[in-house]
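Structure first, commentary second.
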Amino acid sequence: MLMLLAARVDRNDHILINARLDGYPAHFHVAPEAIDAWLSLPSLGVANSLALLQSNWNRFAAPLERLVRRHGNDFVVTTEMLQP
């Protein structure tokens with residue numbers, strides 16, 4: 001399972017995720033609108049999206065793990081990528 005180590009807003013207003021997958025570090029970015037869309041909530045800003053991601057990590061872990069296994073590190077998760 002993808003384990004969240006840290007998350008913060010980067011200089012491009014994306015959310016930078018530092019995680020661990022199978023004992024190896026994983027880092028990638030998530031567009032804030034992808035989090036809001038996944039939770040079917042209106043956009044209330046990047047800080048709110050960060051808080052939602054952290055508090056709902058158990059819902060995001062599986063689809064994000066799939067993307068990390070596919071794309072590796074240093075990519076941006078978009079709304080389209082999180083669609084089932």
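Identifiers for the structure tokens are assigned positionally: chains receive A, B, ... in sequence, residues are indexed from 1 per chain, and ligands are indexed from 1 in the order shown.
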Review point. Could you pull the residues within 10 Å of Val76 in chain A, counting only C-alpha atoms, minus those fewer than 4 positions along the same chain, as a list in words?
Key: His14, Ile15, Leu16, His27, Phe28, His29, Val30, Ala31, Leu67, His71 and Met81 of chain A
Point to revise | Nearby residues (only C-alpha atoms) at most 9 Å from Leu50 in chain A, same-chain spacing under 5 positions excluded, as a PyMOL selection string | key: chain A and resi 7-9+15+32+35+45+55
Among range 8-62 of chain A, which ones does DSSP place in strand (DSSP E or B), written as a short mmCIF file (atom, residue, chain, number, x, y, z; two decimals) with C-alpha atoms, in the first residue's frame?
```
data_model
loop_
_atom_site.label_atom_id
_atom_site.label_comp_id
_atom_site.auth_asym_id
_atom_site.auth_seq_id
_atom_site.Cartn_x
_atom_site.Cartn_y
_atom_site.Cartn_z
CA ARG A 8 2.74 20.17 0.86
CA VAL A 9 1.85 22.82 -1.68
CA ILE A 15 0.38 19.25 -4.07
CA LEU A 16 3.73 17.51 -3.71
CA ILE A 17 3.40 14.02 -2.24
CA ASN A 18 6.23 12.16 -0.55
CA ALA A 19 5.22 8.57 0.02
CA ARG A 20 6.60 5.07 0.36
CA LEU A 21 5.62 2.12 -1.82
CA TYR A 24 10.90 2.60 -1.78
CA PRO A 25 10.35 6.37 -1.87
CA ALA A 26 7.73 7.74 -4.24
CA HIS A 27 7.27 11.41 -5.02
CA PHE A 28 4.79 13.00 -7.39
CA HIS A 29 2.42 15.95 -7.73
CA VAL A 30 -1.37 16.08 -7.62
#
```
Review point. So what do you get for CA of Gln83 in chain A versus CA of Ser40 in chain A, distance-wise?
Key: 11.8 Å
Exercise for review: Output as JSON, numbers by chain all residues of range 16-79 of chain A that backbone DSSP marks as alpha helix (DSSP H).
Suggested key: {"A": [32, 33, 34, 35, 36, 37, 38, 46, 47, 48, 49, 50, 51, 52, 53, 54, 55, 57, 58, 59, 60, 61, 62, 63, 64, 65, 66, 67, 68, 69, 70, 71, 79]}
Point to revise | Arg59 in chain A environment, 12 Å, only C-alpha atoms, sequence neighbours closer than 5 positions dropped, as a PyMOL selection string | key: chain A and resi 1-2+35+38-39+52-54+64-65+82
